[in-house]
Amino acid sequence: MVKVAEEWLNICGGCECSILDIGAPLLDLLPSLEFVHMPVLMDHKYHGQTGEGDPNVIEIPEADVGIISGGIRNEKEKHVAEAMRKSCKTLIALGSCACYGGIPALANMDSLEDLYTLVYKEGKTTEPSETPSQNLPPLLDRVYGLDEVVTVDVYIPGCPTNPALIVQAITGLLEGKPFEMPERSVCDECPVKRQEKAEVSLKRPLDDAEFDREGPWENTRCLNEQGILCLGPVTKAGCATEDAKGEKVPRCIQGYMPCRGCFGPIRKGANPMVDMMGALSSIGLNPREVEDRRATFNRYIGAQNRLRPLPKRPGV
Ligand code: SF4
Ligand code: SF4
Ligand code: SF4
C-alpha cells in the first residue's frame, strides 16, 4: 500500500477536480493507495485534531508520495510546502500553479505594495480600506513556484492537467519507473493543416477561428495562419486526448479554441516569449501586434522570476 498525502496551496481547486476527472482508472489505482492527508477530502488538522499540537509545527503524516497543487503566495503556504517535503519521500508538483506559479503569478508584474494599493485603496468596485493584517498569514513578496521553496521530484503541468498524466505518474511510481514528459510541442500533436504562411495579419484575441467541424481536422487551417494567436509552437505537449473519432487532438483545439500555453515551456529554461515571437515572424506575422506581450506569452509561468515589476518611469 502506497501512502499518499495531498495539499493545495495558492490554487483555484481545478487541479483537485482533475484528480476526480481520472474517472474509472482511479478505481484501479485506489486499492494500492492509502490517502493519509488531503484537505479537499478529509478534515485533517495541522496541529492535532483538537488543536492540542504545537502551534509552531505543521503535522503532515509520513507518506510515500506527496502531491501539491498551487504555487506559494504566503508564509503559511511556504510552511505547508516545507512540511510536505519533510513528510513525503517523493513530491509531485501538480498543475501549472505548482510548476510555474500559474495564473496567480501574473501578479508578479506588480510589487506587493502596488497590489495592496490597487486592491484596497483604488479598487473601482470597493470602498477604500486598510489592508487586512490580523489573523492572516503575511503575503510573500511575489508568487513562487513550488521548486523555488522545496525540491520537486515530478512535474505534471497543465491548467488543469490531463488526468491521464496523473495516472501515468502514479502508476510509474507504483512500478518504480521514472515519469518524465517528452520535450514536444502542442503543435507536434495537432492535426490541423499547416502551410507555413499566414494568410492574414493577427486578429483581435476574441475573434473566432474558422473550423471545419464536420470534416477531418486536415480541413482546418492552423490557427496562427488564420491570424488567431495560438501558443502551440512553444507549449509542452501532454494535453491531447482522443476526440469523438478516436484521433488524438490537443484539448483546446478539440474545443475549437487556440492554445493559451497552459502546459508551460517545452523544455526547462526555454523562453516562450522569444520563441513565440520567432514562430510568428517565421510565418509572416508581426509579433509586435500582440497586445500585452509579456503577460500573454508568460500567462502561466510568472514564477521563477520570469515576471517582475518593470522599473517605474519618472512621473508615472
Ligand atoms: S493550475 Fe490551473 S486548475 Fe490547477 S490550481 Fe492552478 S489555476 Fe487551478
Ligand atoms: S499553432 Fe495551434 S493550430 Fe497551429 S498547429 Fe500549432 S497547436 Fe495547431
Ligand atoms: S491546448 Fe494549450 S492551453 Fe489548451 S490544454 Fe493544451 S496546453 Fe493547455
# chains A, B, ... in the order shown; residues from 1 in each chain; ligands from 1

call {"tool": "closest_atom_pairs", "arguments": {"of": "chain A", "to": "ligand 2", "cutoff": "12 Å", "atoms": "only C-alpha atoms and all ligand atoms", "output": "Markdown table"}}
result
| residue | atom | partner | partner_atom_place_in_ligand_line | distance |
| --- | --- | --- | --- | --- |
| A:Arg184 | CA | ligand 2 | 6 (Fe) | 11.5 |
| A:Ser185 | CA | ligand 2 | 6 (Fe) | 8.0 |
| A:Val186 | CA | ligand 2 | 7 (S) | 5.2 |
| A:Cys187 | CA | ligand 2 | 6 (Fe) | 3.6 |
| A:Asp188 | CA | ligand 2 | 6 (Fe) | 7.3 |
| A:Glu189 | CA | ligand 2 | 7 (S) | 7.5 |
| A:Cys190 | CA | ligand 2 | 8 (Fe) | 4.7 |
| A:Pro191 | CA | ligand 2 | 8 (Fe) | 6.8 |
| A:Val192 | CA | ligand 2 | 8 (Fe) | 5.8 |
| A:Lys193 | CA | ligand 2 | 5 (S) | 7.2 |
| A:Arg194 | CA | ligand 2 | 5 (S) | 6.5 |
| A:Gln195 | CA | ligand 2 | 4 (Fe) | 9.9 |
| A:Glu196 | CA | ligand 2 | 4 (Fe) | 9.6 |
| A:Lys197 | CA | ligand 2 | 4 (Fe) | 11.0 |
| A:Ala198 | CA | ligand 2 | 4 (Fe) | 10.5 |
| A:Ala209 | CA | ligand 2 | 3 (S) | 9.5 |
| A:Glu210 | CA | ligand 2 | 3 (S) | 10.7 |
| A:Phe211 | CA | ligand 2 | 3 (S) | 10.2 |
| A:Trp217 | CA | ligand 2 | 8 (Fe) | 10.0 |
| A:Glu218 | CA | ligand 2 | 5 (S) | 10.5 |
| A:Asn219 | CA | ligand 2 | 3 (S) | 11.9 |
| A:Thr220 | CA | ligand 2 | 3 (S) | 8.6 |
| A:Arg221 | CA | ligand 2 | 3 (S) | 7.2 |
| A:Cys222 | CA | ligand 2 | 4 (Fe) | 3.7 |
| A:Leu223 | CA | ligand 2 | 3 (S) | 4.2 |
| A:Asn224 | CA | ligand 2 | 1 (S) | 5.2 |
| A:Glu225 | CA | ligand 2 | 4 (Fe) | 7.1 |
| A:Gln226 | CA | ligand 2 | 3 (S) | 8.8 |
| A:Gly227 | CA | ligand 2 | 1 (S) | 10.1 |
| A:Ile228 | CA | ligand 2 | 3 (S) | 8.6 |
| A:Leu229 | CA | ligand 2 | 1 (S) | 7.7 |
| A:Cys230 | CA | ligand 2 | 2 (Fe) | 4.7 |
| A:Leu231 | CA | ligand 2 | 1 (S) | 6.1 |
| A:Gly232 | CA | ligand 2 | 7 (S) | 3.9 |
| A:Pro233 | CA | ligand 2 | 6 (Fe) | 5.3 |
| A:Val234 | CA | ligand 2 | 6 (Fe) | 8.7 |
| A:Thr235 | CA | ligand 2 | 7 (S) | 8.6 |
| A:Lys236 | CA | ligand 2 | 7 (S) | 10.5 |
| A:Ala237 | CA | ligand 2 | 7 (S) | 9.4 |
| A:Gly238 | CA | ligand 2 | 7 (S) | 11.9 |
| A:Cys239 | CA | ligand 2 | 7 (S) | 11.0 |
| A:Ala240 | CA | ligand 2 | 7 (S) | 10.3 |
| A:Val249 | CA | ligand 2 | 8 (Fe) | 9.0 |
| A:Pro250 | CA | ligand 2 | 7 (S) | 7.2 |
| A:Arg251 | CA | ligand 2 | 7 (S) | 9.7 |
| A:Cys252 | CA | ligand 2 | 7 (S) | 8.6 |
| A:Ile253 | CA | ligand 2 | 3 (S) | 6.7 |
| A:Gln254 | CA | ligand 2 | 8 (Fe) | 10.0 |
| A:Gly255 | CA | ligand 2 | 3 (S) | 11.6 |
| A:Tyr256 | CA | ligand 2 | 3 (S) | 9.4 |
| A:Met257 | CA | ligand 2 | 3 (S) | 8.6 |
| A:Pro258 | CA | ligand 2 | 2 (Fe) | 5.9 |
| A:Cys259 | CA | ligand 2 | 2 (Fe) | 6.0 |
| A:Arg260 | CA | ligand 2 | 2 (Fe) | 9.3 |
| A:Gly261 | CA | ligand 2 | 7 (S) | 9.7 |
| A:Met276 | CA | ligand 2 | 1 (S) | 10.0 |
| A:Ala279 | CA | ligand 2 | 1 (S) | 9.0 |
| A:Leu280 | CA | ligand 2 | 1 (S) | 9.4 |
| A:Ile283 | CA | ligand 2 | 1 (S) | 10.7 |

call {"tool": "residues_near_ligand", "arguments": {"ligand": "ligand 1", "cutoff": "10 Å", "atoms": "only C-alpha atoms and all ligand atoms", "output": "ChimeraX atom specification"}}
result
/A:8-18,68-71,93-105,156-161,262-263,300

call {"tool": "closest_residue", "arguments": {"among": "A:Leu310, A:Pro216, A:Gly176, A:Pro163", "to": "ligand 3", "atoms": "only C-alpha atoms and all ligand atoms"}}
result
A:Pro163

call {"tool": "select_by_dssp", "arguments": {"residues": "range 134-277 of chain A", "states": "strand (DSSP E or B)", "output": "number ranges by chain"}}
result
A: 139-144, 154-156, 185, 193, 221, 235-236, 241-242, 248-249, 265

call {"tool": "atom_distance", "arguments": {"atom1": "CA of Leu29 in chain A", "atom2": "CA of Met1 in chain A"}}
result
10.5 Å

call {"tool": "select_by_dssp", "arguments": {"residues": "range 87-313 of chain A", "states": "alpha helix (DSSP H)", "output": "PyMOL selection string"}}
result
chain A and resi 87+96-100+112-116+163-174+251-254+272-282+293-297

call {"tool": "atom_distance", "arguments": {"atom1": "CA of Glu180 in chain A", "atom2": "CA of Ile266 in chain A"}}
result
12.2 Å
